[in-house]
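Report on the following structure.
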Amino acid sequence: RKEVEQDPGPFNVPEGATVAFNCTYSNSASQSFFWYRQDCRKEPKLLMSVYSSGNEDGRFTAQLNRASQYISLLIRDSKLSDSATYLCVVISSGSARQLTFGSGTQLTVLP
Amino acid sequence: DVKVTQSSRYLVKRTGEKVFLECVQDMDHENMFWYRQDPGLGLRLIYFSYDVKMKEKGDIPEGYSVSREKKERFSLILESASTNQTSMYLCASSFPGPQYGYTFGSGTRLTVV
């Protein structure tokens, strides 16, 4: 079983739609969680951290469910510019911080 | 503007060649990482370093080595390139501490023929 699993999609949604991605992780001792965004042929960039209490940044909401070991990302009022691959990222425990990445969920927002 | 710079955007090398991928960051980050990214497999950690002259194996270190002689520079070495090492290579850096995300370089697309 992969340490971090995501639905690869693709998700094709119309502009203005609300879309949600889930991600599950297998290591119950995982410490920190992030969502990254990767545009086509570009490097991943940090979108937002995911906090236990849930957090919001404009149209984006991230949630963490430690009991079920999943995190989610909700995008409201989708824009064309939201089209990208969204990577779920988990920090594993251990002596040195290292991120484990999911394979990514591809989102295309259609006009 | 903080930066992680990878020396080459595209590289084509022959099987058996020794290949050096260079990464430099200007953010005074302690931690540096090398990943490769392949379709369907996501990003996989090759090696990382949390201090000068320190290195740790990641998930897929076979066929690779690294060097960190200075804090700002982390080099990935393919001792004898093989076709299965054709991939996108991404360097990243960060401060220590779980609250910090990574900053990535723009990647090197390596093709081994």
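By convention here, the chains of the structure tokens are called A, B, ... in the order presented, each chain's residues are numbered starting at 1, and ligands are numbered starting at 1 in the order presented.
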*Hey, what's within 8 Å of stretch 85-94 of chain B if we count only C-alpha atoms and toss same-chain stuff fewer than 4 positions away? As number ranges by chain, please?*
A: 43; B: 4, 6, 23, 25, 29-38, 81, 100-112
For those residues, write N, CA and C atoms to a file as a PDB file, in the first residue's frame.
ATOM      1  N   GLU A  43       7.515  23.190 -11.605  1.00  0.00           N
ATOM      2  CA  GLU A  43       7.800  22.555 -10.333  1.00  0.00           C
ATOM      3  C   GLU A  43       6.602  22.680  -9.394  1.00  0.00           C
TER       4      GLU A  43
ATOM      5  N   VAL B   4      15.569  28.442  -5.800  1.00  0.00           N
ATOM      6  CA  VAL B   4      16.325  27.215  -5.935  1.00  0.00           C
ATOM      7  C   VAL B   4      16.620  27.079  -7.421  1.00  0.00           C
ATOM      8  N   GLN B   6      18.387  25.102 -10.570  1.00  0.00           N
ATOM      9  CA  GLN B   6      18.983  23.883 -11.103  1.00  0.00           C
ATOM     10  C   GLN B   6      19.710  24.239 -12.384  1.00  0.00           C
ATOM     11  N   CYS B  23      22.374  21.845  -7.967  1.00  0.00           N
ATOM     12  CA  CYS B  23      21.276  22.606  -7.372  1.00  0.00           C
ATOM     13  C   CYS B  23      21.858  23.606  -6.379  1.00  0.00           C
ATOM     14  N   GLN B  25      20.730  26.923  -3.734  1.00  0.00           N
ATOM     15  CA  GLN B  25      19.658  27.718  -3.127  1.00  0.00           C
ATOM     16  C   GLN B  25      20.254  28.916  -2.396  1.00  0.00           C
ATOM     17  N   HIS B  29      18.885  27.660   3.581  1.00  0.00           N
ATOM     18  CA  HIS B  29      18.164  26.494   4.092  1.00  0.00           C
ATOM     19  C   HIS B  29      19.131  25.401   4.511  1.00  0.00           C
ATOM     20  N   GLU B  30      18.814  24.755   5.631  1.00  0.00           N
ATOM     21  CA  GLU B  30      19.638  23.638   6.081  1.00  0.00           C
ATOM     22  C   GLU B  30      19.357  22.368   5.269  1.00  0.00           C
ATOM     23  N   ASN B  31      18.090  22.142   4.967  1.00  0.00           N
ATOM     24  CA  ASN B  31      17.686  20.881   4.335  1.00  0.00           C
ATOM     25  C   ASN B  31      17.635  21.016   2.819  1.00  0.00           C
ATOM     26  N   MET B  32      18.173  20.017   2.149  1.00  0.00           N
ATOM     27  CA  MET B  32      18.059  19.969   0.697  1.00  0.00           C
ATOM     28  C   MET B  32      17.724  18.555   0.278  1.00  0.00           C
ATOM     29  N   PHE B  33      17.023  18.434  -0.866  1.00  0.00           N
ATOM     30  CA  PHE B  33      16.448  17.158  -1.291  1.00  0.00           C
ATOM     31  C   PHE B  33      16.576  17.001  -2.806  1.00  0.00           C
ATOM     32  N   TRP B  34      16.696  15.750  -3.229  1.00  0.00           N
ATOM     33  CA  TRP B  34      16.589  15.419  -4.635  1.00  0.00           C
ATOM     34  C   TRP B  34      15.448  14.412  -4.814  1.00  0.00           C
ATOM     35  N   TYR B  35      14.536  14.748  -5.729  1.00  0.00           N
ATOM     36  CA  TYR B  35      13.426  13.875  -6.089  1.00  0.00           C
ATOM     37  C   TYR B  35      13.498  13.587  -7.586  1.00  0.00           C
ATOM     38  N   ARG B  36      12.899  12.473  -7.971  1.00  0.00           N
ATOM     39  CA  ARG B  36      12.580  12.285  -9.368  1.00  0.00           C
ATOM     40  C   ARG B  36      11.066  12.124  -9.494  1.00  0.00           C
ATOM     41  N   GLN B  37      10.548  12.589 -10.621  1.00  0.00           N
ATOM     42  CA  GLN B  37       9.110  12.541 -10.839  1.00  0.00           C
ATOM     43  C   GLN B  37       8.828  11.829 -12.142  1.00  0.00           C
ATOM     44  N   ASP B  38       8.010  10.779 -12.059  1.00  0.00           N
ATOM     45  CA  ASP B  38       7.657   9.984 -13.218  1.00  0.00           C
ATOM     46  C   ASP B  38       6.140   9.841 -13.285  1.00  0.00           C
ATOM     47  N   ALA B  81      24.982   6.403 -16.117  1.00  0.00           N
ATOM     48  CA  ALA B  81      23.581   6.626 -16.478  1.00  0.00           C
ATOM     49  C   ALA B  81      22.992   5.434 -17.226  1.00  0.00           C
ATOM     50  N   TYR B 100       7.421  24.086   7.901  1.00  0.00           N
ATOM     51  CA  TYR B 100       7.929  24.681   6.673  1.00  0.00           C
ATOM     52  C   TYR B 100       7.726  23.760   5.486  1.00  0.00           C
ATOM     53  N   GLY B 101       7.200  24.336   4.413  1.00  0.00           N
ATOM     54  CA  GLY B 101       7.123  23.579   3.167  1.00  0.00           C
ATOM     55  C   GLY B 101       8.439  23.644   2.434  1.00  0.00           C
ATOM     56  N   TYR B 102       8.473  23.035   1.275  1.00  0.00           N
ATOM     57  CA  TYR B 102       9.680  23.012   0.463  1.00  0.00           C
ATOM     58  C   TYR B 102       9.569  24.062  -0.644  1.00  0.00           C
ATOM     59  N   THR B 103      10.726  24.558  -1.051  1.00  0.00           N
ATOM     60  CA  THR B 103      10.816  25.346  -2.272  1.00  0.00           C
ATOM     61  C   THR B 103      11.541  24.501  -3.302  1.00  0.00           C
ATOM     62  N   PHE B 104      10.934  24.373  -4.453  1.00  0.00           N
ATOM     63  CA  PHE B 104      11.487  23.527  -5.502  1.00  0.00           C
ATOM     64  C   PHE B 104      12.199  24.348  -6.565  1.00  0.00           C
ATOM     65  N   GLY B 105      13.218  23.737  -7.165  1.00  0.00           N
ATOM     66  CA  GLY B 105      13.772  24.269  -8.391  1.00  0.00           C
ATOM     67  C   GLY B 105      12.853  23.926  -9.550  1.00  0.00           C
ATOM     68  N   SER B 106      13.151  24.462 -10.709  1.00  0.00           N
ATOM     69  CA  SER B 106      12.259  24.287 -11.865  1.00  0.00           C
ATOM     70  C   SER B 106      12.453  22.946 -12.559  1.00  0.00           C
ATOM     71  N   GLY B 107      13.398  22.143 -12.093  1.00  0.00           N
ATOM     72  CA  GLY B 107      13.523  20.782 -12.596  1.00  0.00           C
ATOM     73  C   GLY B 107      14.513  20.629 -13.739  1.00  0.00           C
ATOM     74  N   THR B 108      15.059  19.430 -13.835  1.00  0.00           N
ATOM     75  CA  THR B 108      15.921  19.060 -14.971  1.00  0.00           C
ATOM     76  C   THR B 108      15.321  17.830 -15.614  1.00  0.00           C
ATOM     77  N   ARG B 109      14.965  17.963 -16.878  1.00  0.00           N
ATOM     78  CA  ARG B 109      14.439  16.793 -17.593  1.00  0.00           C
ATOM     79  C   ARG B 109      15.612  16.085 -18.248  1.00  0.00           C
ATOM     80  N   LEU B 110      15.951  14.925 -17.707  1.00  0.00           N
ATOM     81  CA  LEU B 110      17.088  14.144 -18.193  1.00  0.00           C
ATOM     82  C   LEU B 110      16.607  13.005 -19.075  1.00  0.00           C
ATOM     83  N   THR B 111      17.201  12.899 -20.242  1.00  0.00           N
ATOM     84  CA  THR B 111      16.949  11.777 -21.139  1.00  0.00           C
ATOM     85  C   THR B 111      18.260  11.020 -21.323  1.00  0.00           C
ATOM     86  N   VAL B 112      18.213   9.720 -21.056  1.00  0.00           N
ATOM     87  CA  VAL B 112      19.392   8.874 -21.254  1.00  0.00           C
ATOM     88  C   VAL B 112      19.129   7.976 -22.467  1.00  0.00           C
TER      89      VAL B 112
END
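With only C-alpha atoms taken into account, chain A has Pro8, Gln31, Ser32, Phe33, Phe34, Arg41, Lys42, Glu43, Pro44, Lys45, Leu46, Met48, Ser49, Leu87, Ile91, Ala96, Arg97, Gln98, Leu99, Thr100, Phe101, Gly102, Ser103 and Gly104 of chain A at most 9 Å from chain B.
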Saved selection, atoms kept: N, CA, C and O atoms, as a tab-separated table (two decimals), in the first residue's frame:
chain	number	residue	atom	x	y	z
A	8	PRO	N	-6.26	9.90	-8.94
A	8	PRO	CA	-5.52	10.64	-9.96
A	8	PRO	C	-6.37	11.52	-10.86
A	8	PRO	O	-5.86	12.41	-11.52
A	31	GLN	N	3.13	13.74	10.85
A	31	GLN	CA	3.12	14.93	11.67
A	31	GLN	C	2.42	16.12	11.02
A	31	GLN	O	1.66	16.83	11.66
A	32	SER	N	2.75	16.35	9.76
A	32	SER	CA	2.30	17.57	9.10
A	32	SER	C	1.82	17.25	7.70
A	32	SER	O	2.25	16.27	7.10
A	33	PHE	N	0.98	18.14	7.21
A	33	PHE	CA	0.30	17.87	5.95
A	33	PHE	C	0.21	19.15	5.13
A	33	PHE	O	0.03	20.24	5.67
A	34	PHE	N	0.35	18.97	3.83
A	34	PHE	CA	0.33	20.12	2.93
A	34	PHE	C	-0.41	19.74	1.65
A	34	PHE	O	-0.51	18.57	1.28
A	41	ARG	N	4.47	20.96	-16.61
A	41	ARG	CA	5.87	21.19	-16.90
A	41	ARG	C	6.53	22.21	-15.97
A	41	ARG	O	7.52	22.86	-16.33
A	42	LYS	N	5.95	22.37	-14.80
A	42	LYS	CA	6.53	23.28	-13.81
A	42	LYS	C	6.80	22.52	-12.52
A	42	LYS	O	6.38	21.38	-12.36
A	43	GLU	N	7.52	23.19	-11.60
A	43	GLU	CA	7.80	22.56	-10.33
A	43	GLU	C	6.60	22.68	-9.39
A	43	GLU	O	5.79	23.60	-9.53
A	44	PRO	N	6.50	21.79	-8.40
A	44	PRO	CA	5.44	21.93	-7.40
A	44	PRO	C	5.64	23.19	-6.56
A	44	PRO	O	6.77	23.56	-6.25
A	45	LYS	N	4.53	23.81	-6.19
A	45	LYS	CA	4.59	24.99	-5.32
A	45	LYS	C	3.60	24.81	-4.18
A	45	LYS	O	2.49	24.30	-4.38
A	46	LEU	N	4.02	25.25	-3.00
A	46	LEU	CA	3.19	25.10	-1.82
A	46	LEU	C	1.90	25.89	-1.98
A	46	LEU	O	1.92	27.10	-2.24
A	48	MET	N	-1.01	25.28	0.41
A	48	MET	CA	-1.36	25.58	1.79
A	48	MET	C	-1.01	24.43	2.71
A	48	MET	O	-0.93	23.28	2.29
A	49	SER	N	-0.79	24.78	3.96
A	49	SER	CA	-0.62	23.77	4.99
A	49	SER	C	-2.01	23.30	5.43
A	49	SER	O	-3.01	23.99	5.20
A	87	LEU	N	-1.13	18.06	-5.40
A	87	LEU	CA	-0.37	17.01	-4.73
A	87	LEU	C	-0.62	17.06	-3.23
A	87	LEU	O	-0.46	18.10	-2.59
A	91	ILE	N	4.28	14.74	5.98
A	91	ILE	CA	5.61	14.64	6.59
A	91	ILE	C	5.65	13.40	7.46
A	91	ILE	O	4.86	13.25	8.39
A	96	ALA	N	14.92	13.08	10.33
A	96	ALA	CA	15.02	14.23	9.42
A	96	ALA	C	13.69	14.42	8.73
A	96	ALA	O	13.05	13.46	8.32
A	97	ARG	N	13.32	15.66	8.62
A	97	ARG	CA	12.03	15.92	7.95
A	97	ARG	C	12.10	15.50	6.51
A	97	ARG	O	13.01	15.86	5.80
A	98	GLN	N	11.17	14.77	6.04
A	98	GLN	CA	11.06	14.52	4.62
A	98	GLN	C	9.60	14.39	4.25
A	98	GLN	O	8.82	13.78	4.97
A	99	LEU	N	9.29	14.97	3.12
A	99	LEU	CA	7.92	14.95	2.63
A	99	LEU	C	7.70	13.72	1.77
A	99	LEU	O	8.56	13.32	1.00
A	100	THR	N	6.54	13.13	1.92
A	100	THR	CA	6.10	12.07	1.03
A	100	THR	C	4.94	12.60	0.21
A	100	THR	O	3.97	13.11	0.76
A	101	PHE	N	5.06	12.47	-1.08
A	101	PHE	CA	4.08	13.05	-2.00
A	101	PHE	C	3.12	11.99	-2.51
A	101	PHE	O	3.53	10.86	-2.81
A	102	GLY	N	1.86	12.37	-2.63
A	102	GLY	CA	0.94	11.57	-3.40
A	102	GLY	C	1.23	11.76	-4.88
A	102	GLY	O	2.00	12.64	-5.28
A	103	SER	N	0.59	10.94	-5.71
A	103	SER	CA	0.84	11.01	-7.15
A	103	SER	C	0.15	12.19	-7.81
A	103	SER	O	0.43	12.51	-8.96
A	104	GLY	N	-0.79	12.80	-7.08
A	104	GLY	CA	-1.42	14.00	-7.63
A	104	GLY	C	-2.79	13.73	-8.22
A	104	GLY	O	-3.06	12.63	-8.72
_When DSSP is applied to the backbone of this structure, which of stretch 23-86 of chain B are assigned strand (DSSP E or B)? Write them out as a PyMOL selection string._
chain B and resi 23-25+31-38+42-49+56-57+64-70+73-78
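Here atom CA of B:Glu22 stands at a distance of 14.3 Å from atom CA of B:Ile46.
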